[in-house]
>>> print(open('input-v1.cif').read())   # mmCIF, C-alpha atoms
data_protein
loop_
_atom_site.label_atom_id
_atom_site.label_comp_id
_atom_site.auth_asym_id
_atom_site.auth_seq_id
_atom_site.Cartn_x
_atom_site.Cartn_y
_atom_site.Cartn_z
CA MET A 17 -45.87 21.06 18.87
CA PRO A 18 -45.29 18.88 15.79
CA ALA A 19 -48.16 17.19 13.99
CA PRO A 20 -48.40 13.46 14.78
CA LEU A 21 -46.82 11.25 12.12
CA VAL A 22 -49.42 8.50 12.43
CA GLU A 23 -53.22 8.42 12.48
CA PRO A 24 -54.74 6.51 15.40
CA GLY A 25 -55.49 2.84 14.76
CA PRO A 26 -58.43 0.81 16.16
CA GLU A 27 -59.80 1.16 19.68
CA LEU A 28 -57.66 -0.46 22.36
CA THR A 29 -58.69 -3.83 23.73
CA ARG A 30 -59.22 -4.33 27.44
CA ALA A 31 -55.87 -6.13 27.66
CA GLN A 32 -54.15 -3.25 25.87
CA LEU A 33 -55.68 -0.70 28.26
CA THR A 34 -53.95 -2.57 31.06
CA ARG A 35 -50.71 -3.28 29.23
CA TYR A 36 -50.12 0.32 28.15
CA SER A 37 -51.74 1.99 31.18
CA ARG A 38 -48.57 3.76 32.32
CA HIS A 39 -48.43 5.56 28.98
CA LEU A 40 -52.17 6.18 28.99
CA LEU A 41 -51.79 7.94 32.33
CA VAL A 42 -49.13 10.37 31.10
CA PRO A 43 -50.60 13.83 30.46
CA GLY A 44 -50.31 14.55 26.75
CA MET A 45 -50.24 10.89 25.75
CA GLY A 46 -53.39 8.96 26.63
CA ILE A 47 -55.45 6.50 24.61
CA GLU A 48 -55.15 8.33 21.31
CA ALA A 49 -51.33 8.36 21.47
CA GLN A 50 -51.34 4.63 22.18
CA ARG A 51 -53.59 4.00 19.17
CA ARG A 52 -51.09 5.96 17.06
CA LEU A 53 -48.18 3.87 18.37
CA LEU A 54 -49.99 0.61 17.60
CA ALA A 55 -50.66 1.81 14.04
CA ALA A 56 -47.10 3.02 13.45
CA ARG A 57 -44.71 1.49 10.91
CA VAL A 58 -41.12 2.09 12.00
CA ALA A 59 -37.87 0.87 10.44
CA VAL A 60 -34.82 0.37 12.64
CA VAL A 61 -31.53 0.36 10.74
CA GLY A 62 -28.98 -1.72 12.60
CA ALA A 63 -29.85 -4.24 15.32
CA GLY A 64 -26.70 -3.44 17.27
CA GLY A 65 -25.77 -1.20 20.18
CA LEU A 66 -28.30 1.54 19.41
CA GLY A 67 -30.78 -0.82 17.78
CA SER A 68 -31.06 -2.94 20.92
CA PRO A 69 -32.54 -0.34 23.28
CA ILE A 70 -34.49 1.23 20.42
CA LEU A 71 -36.18 -2.09 19.65
CA ALA A 72 -36.72 -2.94 23.30
CA TYR A 73 -38.45 0.35 24.14
CA LEU A 74 -40.42 0.64 20.90
CA ALA A 75 -41.64 -2.94 21.26
CA ALA A 76 -42.54 -2.44 24.91
CA ALA A 77 -44.38 0.76 23.98
CA GLY A 78 -46.46 -1.18 21.48
CA VAL A 79 -45.15 0.36 18.26
CA GLY A 80 -47.23 -1.90 16.05
CA HIS A 81 -45.03 -2.64 13.04
CA LEU A 82 -41.26 -2.83 13.37
CA THR A 83 -38.95 -3.54 10.45
CA ILE A 84 -35.44 -4.59 11.48
CA ILE A 85 -32.76 -4.07 8.83
CA ASP A 86 -29.36 -5.65 9.45
CA ASP A 87 -27.14 -7.91 7.36
CA ASP A 88 -24.74 -8.88 10.12
CA VAL A 89 -24.51 -11.91 12.39
CA VAL A 90 -24.09 -11.76 16.17
CA ASP A 91 -20.43 -11.77 17.22
CA ALA A 92 -19.18 -12.45 20.74
CA SER A 93 -17.73 -8.93 20.82
CA ASN A 94 -21.27 -7.50 20.40
CA LEU A 95 -22.61 -8.91 23.66
CA GLN A 96 -20.96 -6.24 25.86
CA ARG A 97 -23.64 -3.75 24.71
CA GLN A 98 -26.10 -5.22 22.20
CA ILE A 99 -28.56 -6.39 24.80
CA VAL A 100 -31.24 -7.94 22.59
CA HIS A 101 -28.75 -10.65 21.59
CA ARG A 102 -28.09 -13.49 23.99
CA ASP A 103 -24.99 -15.60 24.39
CA ASP A 104 -26.60 -18.49 22.50
CA ALA A 105 -27.30 -16.22 19.49
CA VAL A 106 -23.62 -15.83 18.54
CA GLY A 107 -23.37 -16.74 14.88
CA SER A 108 -27.08 -16.15 14.11
CA PRO A 109 -28.34 -13.26 12.01
CA LYS A 110 -28.82 -10.17 14.16
CA ALA A 111 -32.15 -9.37 12.50
CA ASP A 112 -33.52 -12.79 13.52
CA SER A 113 -32.13 -12.62 17.05
CA ALA A 114 -33.58 -9.13 17.54
CA ALA A 115 -36.93 -10.17 16.07
CA ALA A 116 -37.13 -13.07 18.53
CA PHE A 117 -36.54 -10.63 21.38
CA VAL A 118 -39.27 -8.27 20.16
CA THR A 119 -41.82 -11.03 19.61
CA ALA A 120 -41.18 -12.48 23.05
CA LEU A 121 -41.50 -9.04 24.63
CA ASN A 122 -44.75 -7.96 23.00
CA PRO A 123 -47.00 -10.08 20.77
CA ASP A 124 -48.88 -6.90 19.75
CA VAL A 125 -45.91 -6.03 17.55
CA THR A 126 -45.58 -7.32 14.00
CA VAL A 127 -41.91 -7.74 13.09
CA THR A 128 -40.45 -7.78 9.61
CA THR A 129 -36.78 -8.64 9.13
CA ARG A 130 -34.65 -7.55 6.23
CA ARG A 131 -31.26 -9.21 6.16
CA ALA A 132 -29.72 -6.61 3.91
CA ARG A 133 -27.11 -3.90 3.99
CA ILE A 134 -28.63 -0.56 3.05
CA THR A 135 -26.98 1.02 0.03
CA ASP A 136 -27.88 3.87 -2.30
CA ASP A 137 -29.39 1.25 -4.63
CA ASN A 138 -31.77 -0.46 -2.22
CA ALA A 139 -32.44 2.19 0.44
CA ARG A 140 -35.64 3.57 -1.04
CA SER A 141 -37.24 0.21 -1.60
CA LEU A 142 -36.28 -0.96 1.91
CA LEU A 143 -37.62 2.17 3.63
CA GLU A 144 -40.65 3.03 1.50
CA GLY A 145 -43.98 2.77 3.30
CA GLN A 146 -42.62 3.47 6.78
CA HIS A 147 -43.77 6.37 8.94
CA LEU A 148 -40.38 6.86 10.58
CA VAL A 149 -36.80 5.53 10.43
CA LEU A 150 -34.30 5.21 13.27
CA ASP A 151 -30.69 5.11 12.18
CA GLY A 152 -28.44 3.05 14.41
CA ALA A 153 -26.07 1.90 11.67
CA ASP A 154 -22.35 1.58 12.30
CA ASN A 155 -20.88 3.16 9.18
CA PHE A 156 -21.14 6.34 7.12
CA PRO A 157 -22.07 4.85 3.71
CA THR A 158 -25.20 3.28 5.23
CA ARG A 159 -26.01 6.46 7.13
CA TYR A 160 -25.78 8.66 4.02
CA ALA A 161 -27.85 6.14 2.04
CA VAL A 162 -30.53 6.24 4.77
CA ALA A 163 -30.41 10.05 4.98
CA ASP A 164 -30.71 10.54 1.23
CA ALA A 165 -33.47 7.96 0.76
CA CYS A 166 -35.49 9.40 3.64
CA ALA A 167 -35.10 12.94 2.30
CA ALA A 168 -36.34 11.73 -1.08
CA LEU A 169 -39.25 9.79 0.46
CA GLY A 170 -40.13 12.60 2.89
CA LEU A 171 -39.49 10.37 5.91
CA PRO A 172 -38.23 11.64 9.26
CA VAL A 173 -35.07 10.06 10.65
CA VAL A 174 -34.06 9.83 14.28
CA TRP A 175 -30.27 9.71 14.08
CA ALA A 176 -27.46 9.10 16.55
CA ALA A 177 -23.83 8.06 16.53
CA VAL A 178 -21.62 6.85 19.38
CA LEU A 179 -17.90 6.33 19.96
CA ARG A 180 -16.04 5.68 23.20
CA PHE A 181 -17.72 8.08 25.68
CA ASP A 182 -19.30 10.41 23.14
CA ALA A 183 -22.63 10.57 21.37
CA GLN A 184 -24.42 12.85 18.93
CA VAL A 185 -28.22 12.69 18.58
CA SER A 186 -30.68 14.57 16.37
CA SER A 187 -33.95 14.14 14.50
CA PHE A 188 -34.01 15.05 10.83
CA VAL A 189 -37.58 15.90 9.87
CA PRO A 190 -38.19 16.87 6.23
CA GLY A 191 -40.34 19.77 5.06
CA GLY A 192 -39.95 23.51 5.47
CA PRO A 193 -37.04 25.84 4.77
CA ASP A 194 -35.21 24.93 7.99
CA ALA A 195 -35.28 21.17 7.43
CA VAL A 196 -31.86 19.56 7.78
CA THR A 197 -30.39 16.14 7.13
CA LEU A 198 -27.12 14.40 7.90
CA ARG A 199 -25.67 16.22 4.88
CA ASP A 200 -26.16 19.58 6.60
CA LEU A 201 -24.12 18.35 9.55
CA TYR A 202 -21.45 16.48 7.57
CA PRO A 203 -21.70 17.67 3.95
CA VAL A 204 -18.48 15.95 3.02
CA PRO A 205 -18.56 12.19 3.63
CA PRO A 206 -15.46 11.45 5.69
CA ARG A 207 -12.93 8.98 4.39
CA PRO A 208 -13.33 5.67 6.26
CA GLU A 209 -9.73 5.78 7.49
CA ASP A 210 -10.36 9.20 9.06
CA VAL A 211 -13.26 7.96 11.16
CA PRO A 212 -12.55 5.47 13.91
CA SER A 213 -15.21 2.80 14.34
CA CYS A 214 -16.36 1.20 17.58
CA ALA A 215 -14.48 -1.92 16.43
CA GLU A 216 -11.25 0.09 16.45
CA ALA A 217 -11.82 2.62 19.21
CA GLY A 218 -14.35 0.96 21.50
CA VAL A 219 -17.54 2.28 23.07
CA LEU A 220 -19.00 2.35 26.57
CA GLY A 221 -21.79 -0.23 26.62
CA ALA A 222 -24.21 1.65 28.84
CA LEU A 223 -23.79 4.78 26.67
CA VAL A 224 -25.46 3.07 23.72
CA GLY A 225 -28.29 2.12 26.08
CA GLN A 226 -28.68 5.75 27.10
CA VAL A 227 -28.55 7.05 23.53
CA GLY A 228 -30.80 4.36 22.03
CA SER A 229 -33.34 5.13 24.76
CA ILE A 230 -33.27 8.81 23.81
CA MET A 231 -33.86 7.80 20.18
CA ALA A 232 -36.83 5.64 21.21
CA ALA A 233 -38.29 8.53 23.23
CA GLU A 234 -37.88 10.85 20.22
CA ALA A 235 -39.61 8.30 17.99
CA VAL A 236 -42.59 8.05 20.37
CA LYS A 237 -42.87 11.86 20.50
CA LEU A 238 -42.75 12.18 16.71
CA ILE A 239 -45.28 9.38 16.14
CA CYS A 240 -47.77 10.83 18.63
CA GLY A 241 -47.00 14.52 18.13
CA PHE A 242 -46.22 15.76 21.60
CA GLY A 243 -43.34 17.60 23.21
CA GLU A 244 -40.45 19.29 21.47
CA PRO A 245 -38.46 16.93 19.27
CA LEU A 246 -34.70 17.22 18.71
CA VAL A 247 -35.22 19.01 15.42
CA GLY A 248 -32.75 21.66 14.26
CA ARG A 249 -30.44 20.88 17.16
CA ILE A 250 -27.90 18.23 18.03
CA LEU A 251 -27.64 16.80 21.50
CA LEU A 252 -24.04 15.97 22.44
CA ILE A 253 -23.41 13.60 25.31
CA ASP A 254 -20.10 13.09 27.09
CA ALA A 255 -20.51 10.04 29.30
CA LEU A 256 -17.10 10.64 30.86
CA THR A 257 -18.22 13.85 32.55
CA GLN A 258 -21.94 13.02 32.20
CA ARG A 259 -22.47 16.45 30.73
CA THR A 260 -24.70 17.15 27.78
CA ARG A 261 -24.49 20.12 25.47
CA GLU A 262 -26.60 21.17 22.52
CA VAL A 263 -25.73 22.93 19.28
CA PRO A 264 -28.09 24.33 16.67
CA LEU A 265 -28.11 22.88 13.15
CA ARG A 266 -29.28 24.89 10.17
CA PRO A 267 -29.23 24.06 6.46
CA ALA A 268 -25.72 24.02 5.00
CA PRO A 269 -24.98 26.48 2.21
CA PRO A 270 -26.22 25.07 -1.11
CA VAL A 271 -22.75 24.65 -2.55
CA ALA A 272 -20.98 22.29 -0.22
CA PRO A 273 -17.44 21.40 -1.18
CA THR A 274 -17.10 18.03 -2.83
CA PRO A 275 -14.04 16.09 -1.81
CA ILE A 276 -11.64 15.12 -4.53
CA PRO A 277 -11.41 11.35 -4.19
CA GLU A 278 -7.86 10.39 -3.49
CA ALA A 279 -6.43 8.07 -6.10
CA PRO A 280 -5.67 4.79 -4.38
CA MET A 281 -1.95 4.68 -3.88
CA ASP A 282 -0.01 1.80 -5.30
CA LEU A 283 1.54 0.29 -2.20
CA ASN A 284 3.69 -2.76 -1.91
CA GLU A 285 1.46 -5.25 -0.10
CA LEU A 286 2.75 -8.19 1.90
CA SER A 287 0.69 -11.11 3.13
CA VAL A 288 0.84 -12.12 6.78
CA GLU A 289 2.71 -15.22 5.59
CA ASP A 290 5.35 -12.97 3.95
CA VAL A 291 5.80 -11.10 7.20
CA ALA A 292 5.86 -14.27 9.32
CA ALA A 293 8.69 -15.60 7.15
CA ILE A 294 10.95 -12.63 7.98
CA LEU A 295 9.73 -11.90 11.51
CA ASN A 296 12.84 -13.29 13.23
CA ASP A 297 15.31 -12.01 10.65
CA PRO A 298 17.44 -9.39 12.46
CA ALA A 299 17.79 -7.45 9.19
CA ARG A 300 14.06 -7.33 8.59
CA PRO A 301 12.30 -4.00 7.91
CA THR A 302 10.93 -1.89 10.75
CA LEU A 303 7.45 -3.08 11.73
CA LEU A 304 5.17 -0.12 12.42
CA ASP A 305 1.96 -0.87 14.35
CA VAL A 306 -0.38 2.12 13.91
CA ARG A 307 -3.19 0.89 16.19
CA GLU A 308 -4.27 2.55 19.44
CA PRO A 309 -2.45 1.74 22.71
CA ALA A 310 -5.41 -0.32 24.01
CA GLU A 311 -5.13 -2.49 20.91
CA HIS A 312 -1.38 -2.99 21.41
CA ALA A 313 -2.24 -4.35 24.83
CA LEU A 314 -4.22 -7.14 23.13
CA GLY A 315 -1.05 -8.25 21.36
CA THR A 316 1.40 -6.87 18.84
CA LEU A 317 4.13 -8.36 16.68
CA PRO A 318 7.42 -8.67 18.56
CA GLY A 319 9.83 -5.82 17.98
CA SER A 320 7.21 -3.51 16.49
CA LEU A 321 7.38 0.21 16.79
CA ALA A 322 3.95 1.25 18.11
CA VAL A 323 2.72 4.66 16.98
CA PRO A 324 -1.04 5.35 16.68
CA LEU A 325 -2.24 6.54 13.27
CA GLY A 326 -3.08 10.02 14.56
CA ASP A 327 0.50 10.52 15.69
CA VAL A 328 1.95 9.20 12.43
CA LEU A 329 -0.24 11.63 10.51
CA SER A 330 1.05 14.52 12.59
CA TRP A 331 4.64 13.79 11.52
CA ASP A 332 5.95 16.35 9.07
CA ARG A 333 9.32 14.63 8.56
CA LEU A 334 10.71 11.11 8.66
CA ASP A 335 13.97 11.80 10.57
CA ASP A 336 13.71 11.41 14.32
CA ASN A 337 10.51 9.41 13.93
CA LEU A 338 11.52 6.26 12.06
CA PRO A 339 14.75 4.28 11.82
CA ASP A 340 16.30 4.33 8.35
CA GLY A 341 15.44 1.56 5.93
CA PRO A 342 12.31 -0.24 4.78
CA VAL A 343 9.15 -0.21 6.88
CA ILE A 344 6.12 -2.52 7.02
CA VAL A 345 2.96 -0.86 8.34
CA TYR A 346 0.04 -2.75 9.88
CA CYS A 347 -3.11 -2.21 11.94
CA LYS A 348 -6.16 -4.31 12.93
CA ILE A 349 -7.26 -4.97 9.36
CA SER A 350 -5.75 -2.52 6.84
CA PRO A 351 -7.41 0.89 6.39
CA ARG A 352 -5.40 2.73 9.02
CA ALA A 353 -2.16 1.12 7.86
CA ARG A 354 -2.97 2.21 4.31
CA ARG A 355 -3.51 5.79 5.47
CA ALA A 356 -0.28 5.79 7.50
CA ALA A 357 1.69 4.24 4.64
CA ALA A 358 0.37 6.87 2.23
CA HIS A 359 1.53 9.57 4.63
CA LEU A 360 5.02 8.06 4.87
CA VAL A 361 5.23 7.92 1.07
CA ALA A 362 4.09 11.55 0.92
CA LEU A 363 6.90 12.45 3.31
CA GLY A 364 9.32 10.88 0.85
CA HIS A 365 9.85 7.43 2.35
CA PRO A 366 11.37 5.25 -0.39
CA ASP A 367 10.33 1.79 0.83
CA VAL A 368 6.94 1.36 2.53
CA SER A 369 4.94 -1.87 2.56
CA LEU A 370 1.60 -2.80 4.04
CA MET A 371 0.74 -6.03 5.85
CA ASP A 372 -2.56 -6.88 4.22
CA GLY A 373 -5.31 -8.02 6.60
CA GLY A 374 -3.51 -6.78 9.70
CA MET A 375 -3.58 -8.46 13.09
CA ILE A 376 -6.91 -10.17 12.42
CA ALA A 377 -5.39 -12.00 9.43
CA TRP A 378 -2.36 -12.74 11.61
CA ALA A 379 -4.61 -14.30 14.26
CA ASP A 380 -6.51 -16.29 11.62
CA ARG A 381 -3.58 -17.58 9.61
CA ILE A 382 -0.37 -17.37 11.64
CA ASP A 383 -0.92 -17.35 15.38
CA PRO A 384 -4.35 -18.16 16.83
CA SER A 385 -3.21 -17.12 20.30
CA TYR A 386 -3.82 -13.49 19.27
CA PRO A 387 -7.40 -12.51 20.14
CA HIS A 388 -10.10 -11.49 17.71
CA TYR A 389 -11.52 -8.18 18.85
CA MET B 21 -13.81 37.75 19.69
CA ALA B 22 -15.23 34.36 18.68
CA THR B 23 -16.06 31.42 20.91
CA VAL B 24 -14.94 27.99 19.76
CA ARG B 25 -16.69 25.00 21.35
CA TYR B 26 -15.01 21.62 21.01
CA PHE B 27 -16.74 18.23 21.19
CA ALA B 28 -15.59 14.62 21.57
CA ALA B 29 -12.15 14.02 19.99
CA ALA B 30 -11.83 17.76 19.27
CA ALA B 31 -12.15 18.59 22.98
CA GLU B 32 -9.61 15.89 23.77
CA ALA B 33 -7.14 17.24 21.20
CA ALA B 34 -7.66 20.86 22.25
CA GLY B 35 -7.44 20.01 25.94
CA THR B 36 -10.49 22.17 26.61
CA GLU B 37 -14.19 22.26 25.78
CA GLN B 38 -14.26 25.93 24.85
CA GLU B 39 -11.99 28.89 24.18
CA GLN B 40 -12.10 32.49 23.00
CA VAL B 41 -10.21 33.44 19.85
CA GLU B 42 -9.58 36.84 18.29
CA ALA B 43 -10.13 36.37 14.56
CA ALA B 44 -11.93 38.19 11.76
CA THR B 45 -12.30 35.23 9.40
CA LEU B 46 -12.61 31.46 9.60
CA GLY B 47 -9.19 31.08 7.97
CA GLY B 48 -7.61 33.40 10.54
CA LEU B 49 -9.26 31.52 13.36
CA LEU B 50 -8.05 28.12 12.11
CA ALA B 51 -4.51 29.44 11.63
CA ASP B 52 -4.55 30.73 15.19
CA LEU B 53 -5.75 27.37 16.53
CA ARG B 54 -3.16 25.43 14.54
CA GLY B 55 -0.45 27.73 15.81
CA ARG B 56 -1.36 27.42 19.48
CA HIS B 57 -2.28 23.73 19.68
CA ASP B 58 -0.34 20.62 18.75
CA ALA B 59 -0.73 18.60 15.57
CA ARG B 60 -3.49 16.43 17.01
CA LEU B 61 -5.95 19.32 16.88
CA THR B 62 -4.89 20.17 13.33
CA ARG B 63 -5.74 16.59 12.37
CA VAL B 64 -9.13 16.72 14.05
CA LEU B 65 -9.91 20.11 12.46
CA GLU B 66 -9.20 18.64 9.01
CA VAL B 67 -11.93 16.03 9.37
CA SER B 68 -14.44 17.88 11.58
CA SER B 69 -17.47 19.89 10.64
CA ILE B 70 -17.35 23.46 11.83
CA LEU B 71 -20.73 25.07 12.42
CA HIS B 72 -21.04 28.83 12.67
CA ASP B 73 -24.24 29.58 14.57
CA GLY B 74 -25.49 26.18 13.43
CA ARG B 75 -24.47 26.47 9.79
CA TYR B 76 -21.65 24.47 8.18
CA VAL B 77 -18.75 26.69 7.13
CA SER B 78 -15.58 25.82 5.22
CA ASP B 79 -14.56 28.88 3.18
CA PRO B 80 -11.52 30.45 4.91
CA ALA B 81 -12.80 33.89 3.86
CA THR B 82 -16.01 33.46 5.92
CA PRO B 83 -16.22 36.60 8.08
CA LEU B 84 -16.66 36.06 11.82
CA PRO B 85 -18.61 38.83 13.52
CA ASP B 86 -17.77 39.70 17.10
CA GLY B 87 -19.46 37.17 19.37
CA ALA B 88 -19.58 34.40 16.72
CA VAL B 89 -19.96 30.88 18.11
CA LEU B 90 -18.25 28.03 16.24
CA ASP B 91 -18.82 24.36 17.07
CA VAL B 92 -16.20 21.79 16.10
CA LEU B 93 -17.84 18.38 15.62
CA PRO B 94 -15.72 15.39 14.66
CA PRO B 95 -17.60 12.81 12.62
CA PHE B 96 -18.19 9.29 13.90
CA ALA B 97 -20.70 6.70 12.86
CA GLY B 98 -20.72 4.08 15.59
CA GLY B 99 -24.01 2.43 16.37
#
>>> encode(input="input-v1.cif", output="structure tokens")
Amino acid sequence: MPAPLVEPGPELTRAQLTRYSRHLLVPGMGIEAQRRLLAARVAVVGAGGLGSPILAYLAAAGVGHLTIIDDDVVDASNLQRQIVHRDDAVGSPKADSAAAFVTALNPDVTVTTRRARITDDNARSLLEGQHLVLDGADNFPTRYAVADACAALGLPVVWAAVLRFDAQVSSFVPGGPDAVTLRDLYPVPPRPEDVPSCAEAGVLGALVGQVGSIMAAEAVKLICGFGEPLVGRILLIDALTQRTREVPLRPAPPVAPTPIPEAPMDLNELSVEDVAAILNDPARPTLLDVREPAEHALGTLPGSLAVPLGDVLSWDRLDDNLPDGPVIVYCKISPRARRAAAHLVALGHPDVSLMDGGMIAWADRIDPSYPHY
Amino acid sequence: MATVRYFAAAAEAAGTEQEQVEAATLGGLLADLRGRHDARLTRVLEVSSILHDGRYVSDPATPLPDGAVLDVLPPFAGG
């Protein structure tokens, strides 16, 4: 059984004995565990899909001091899963919207908001003084910054990531020879274009509820020191089959390979206006849309050849795959198109261009009938 | 004989959640997988972490004892 992270705070009031009674009744929790929760200082990174259930359950449980760190504003496309944000919060800062939810749910909880994006430069100062951090960010740079800062500060991190129907969950608790962090699981930070985001690939809304709830349960266990936390093991959830598996995680060998950063390739870049001007020209270059089929269904440029990035990257020759002549590659924004274009150049294609800004720029500047997604 | 367990996009690309492979080294195992599966799995293997009994491995010369268990975990960061 792990040692509790937090010393018990003051005696519970009569109102608190009632409010938290269902936790007080649980064998192994009781009044002392509740006093620990009320004294706990917990930072939640990301007030999004995972952050929503985390904040809801930690606030309801009476975790006394919650710090919400998020630099984003609520977008309509968040509402399918980010349940602390309401329809009328679209356009407001997520940290503020989430804080309003927490305060309305439980006035015992003190909320601090930090409208900031965690980077290597600010991570330590943003996370210092907490007992525990929950990482529900949506990108790898933030996640590595959180992992490294917490390792340096000696702070435990409850970590999870989700995509489509899949989730990975673990708790990284420092100290001891077997302690692991995100860098033991993924020593080499993946290139952004190699890792699909929820914005590109989608995610099942209820899955983030399930996973964020697991994270909240892990946080309560670590704060109070009961049960067996997800330490040294990764829980893998497949919502499609509703099967879970578990793999062990041990420290990575000390010399992890460092990736050689790829020199940014000098690609010919076209604006959406450039492409619009030649769209109806029968002699125009081949338009190659490298988004996923579900994205094509939301709208694509007429006459495009639609081949998802993964398939383009599996090409080992240009013949049979592309018509002869110049090609313009595009995606939702640009990273996948850049990766695909680089692959075509590597295969020896003499004339590859990129439509900068992708379909989102097209929707903004050329044809507003295309949806934002 | 080693057991390879696939997760998320790796399971999708491999078309299975688990398979047995005869290989003495990590490099031999990866070559076998690339030879028997299509290019999608090769792509996923390039970006995934491979854990041997819980420990990250990348050196193709890594020996695989009989009964080794390797987990193929593709990275994602959605939250």
>>> residues_around(input="input-v1.cif", residues="B:Thr36", least_positions_apart="3", cutoff="10 Å", atoms="all atoms listed in the file", output="number ranges by chain")
B: 25-27, 30-33, 39
>>> closest_atom_pairs(input="input-v1.cif", of="chain A", to="chain B", cutoff="6 Å", atoms="all atoms listed in the file", output="CSV")
residue,atom,partner,partner_atom,distance
A:Gly65,CA,B:Gly99,CA,5.5
A:Leu66,CA,B:Gly99,CA,5.3
A:Gly152,CA,B:Gly99,CA,4.9
A:Ala153,CA,B:Gly99,CA,5.2
A:Asp154,CA,B:Gly98,CA,4.4
A:Asn155,CA,B:Ala97,CA,5.1
A:Phe156,CA,B:Ala97,CA,5.8
A:Ala177,CA,B:Ala97,CA,5.0
A:Val178,CA,B:Gly98,CA,4.8
A:Leu179,CA,B:Gly98,CA,5.7
A:Asp182,CA,B:Ala28,CA,5.8
A:Val211,CA,B:Phe96,CA,5.8
A:Ser213,CA,B:Gly98,CA,5.8
A:Cys214,CA,B:Gly98,CA,5.6
A:Pro264,CA,B:Gly74,CA,4.5
A:Leu265,CA,B:Gly74,CA,4.2
A:Arg266,CA,B:Arg75,CA,5.1
A:Ala268,CA,B:Tyr76,CA,5.2
A:Ser330,CA,B:Ala59,CA,5.4
>>> write_last_selection(input="input-v1.cif", atoms="C-alpha atoms", output="mmCIF file, keeping the file's coordinate frame")
data_model
loop_
_atom_site.group_PDB
_atom_site.id
_atom_site.type_symbol
_atom_site.label_atom_id
_atom_site.label_comp_id
_atom_site.auth_asym_id
_atom_site.auth_seq_id
_atom_site.Cartn_x
_atom_site.Cartn_y
_atom_site.Cartn_z
ATOM 1 C CA GLY A 65 -25.770 -1.200 20.180
ATOM 2 C CA LEU A 66 -28.300 1.540 19.410
ATOM 3 C CA GLY A 152 -28.440 3.050 14.410
ATOM 4 C CA ALA A 153 -26.070 1.900 11.670
ATOM 5 C CA ASP A 154 -22.350 1.580 12.300
ATOM 6 C CA ASN A 155 -20.880 3.160 9.180
ATOM 7 C CA PHE A 156 -21.140 6.340 7.120
ATOM 8 C CA ALA A 177 -23.830 8.060 16.530
ATOM 9 C CA VAL A 178 -21.620 6.850 19.380
ATOM 10 C CA LEU A 179 -17.900 6.330 19.960
ATOM 11 C CA ASP A 182 -19.300 10.410 23.140
ATOM 12 C CA VAL A 211 -13.260 7.960 11.160
ATOM 13 C CA SER A 213 -15.210 2.800 14.340
ATOM 14 C CA CYS A 214 -16.360 1.200 17.580
ATOM 15 C CA PRO A 264 -28.090 24.330 16.670
ATOM 16 C CA LEU A 265 -28.110 22.880 13.150
ATOM 17 C CA ARG A 266 -29.280 24.890 10.170
ATOM 18 C CA ALA A 268 -25.720 24.020 5.000
ATOM 19 C CA SER A 330 1.050 14.520 12.590
#
>>> resolve_selection(input="input-v1.cif", expression="the PyMOL selection byres ((chain B and resi 43) around 12)", output="CSV table (one decimal) with C-alpha atoms, in the coordinates of the input")
chain,number,residue,atom,x,y,z
B,21,MET,CA,-13.8,37.8,19.7
B,22,ALA,CA,-15.2,34.4,18.7
B,23,THR,CA,-16.1,31.4,20.9
B,24,VAL,CA,-14.9,28.0,19.8
B,40,GLN,CA,-12.1,32.5,23.0
B,41,VAL,CA,-10.2,33.4,19.8
B,42,GLU,CA,-9.6,36.8,18.3
B,44,ALA,CA,-11.9,38.2,11.8
B,45,THR,CA,-12.3,35.2,9.4
B,46,LEU,CA,-12.6,31.5,9.6
B,47,GLY,CA,-9.2,31.1,8.0
B,48,GLY,CA,-7.6,33.4,10.5
B,49,LEU,CA,-9.3,31.5,13.4
B,50,LEU,CA,-8.0,28.1,12.1
B,51,ALA,CA,-4.5,29.4,11.6
B,52,ASP,CA,-4.6,30.7,15.2
B,53,LEU,CA,-5.8,27.4,16.5
B,80,PRO,CA,-11.5,30.4,4.9
B,81,ALA,CA,-12.8,33.9,3.9
B,82,THR,CA,-16.0,33.5,5.9
B,83,PRO,CA,-16.2,36.6,8.1
B,84,LEU,CA,-16.7,36.1,11.8
B,85,PRO,CA,-18.6,38.8,13.5
B,86,ASP,CA,-17.8,39.7,17.1
B,87,GLY,CA,-19.5,37.2,19.4
B,88,ALA,CA,-19.6,34.4,16.7
B,89,VAL,CA,-20.0,30.9,18.1
B,90,LEU,CA,-18.2,28.0,16.2
>>> residues_around(input="input-v1.cif", residues="A:Gln258", least_positions_apart="2", cutoff="12 Å", atoms="all atoms listed in the file", output="PyMOL selection string")
chain A and resi 181-183+223+226+252-256+260-261
>>> closest_residue(input="input-v1.cif", among="A:Pro109, A:Ser229, A:Pro157, A:Ala114", to="A:Ala77", atoms="only C-alpha atoms")
A:Ser229
>>> resolve_selection(input="input-v1.cif", expression="the PyMOL selection byres ((chain A and resi 308-324) around 9)", output="list of chain:residue names")
A:Glu216, A:Ala217, A:Leu295, A:Asn296, A:Thr302, A:Leu303, A:Leu304, A:Asp305, A:Val306, A:Arg307, A:Leu325, A:Gly326, A:Asp327, A:Val328, A:Leu329, A:Leu338, A:Cys347, A:Lys348, A:Met375, A:Tyr386, A:Pro387, A:Tyr389
>>> atom_distance(input="input-v1.cif", atom1="atom CA of A:Asp124", atom2="atom CA of A:Ala55")
10.6 Å
>>> residues_around(input="input-v1.cif", residues="A:Leu28", least_positions_apart="5", cutoff="8 Å", atoms="all atoms listed in the file", output="PyMOL selection string")
chain A and resi 33+47+51
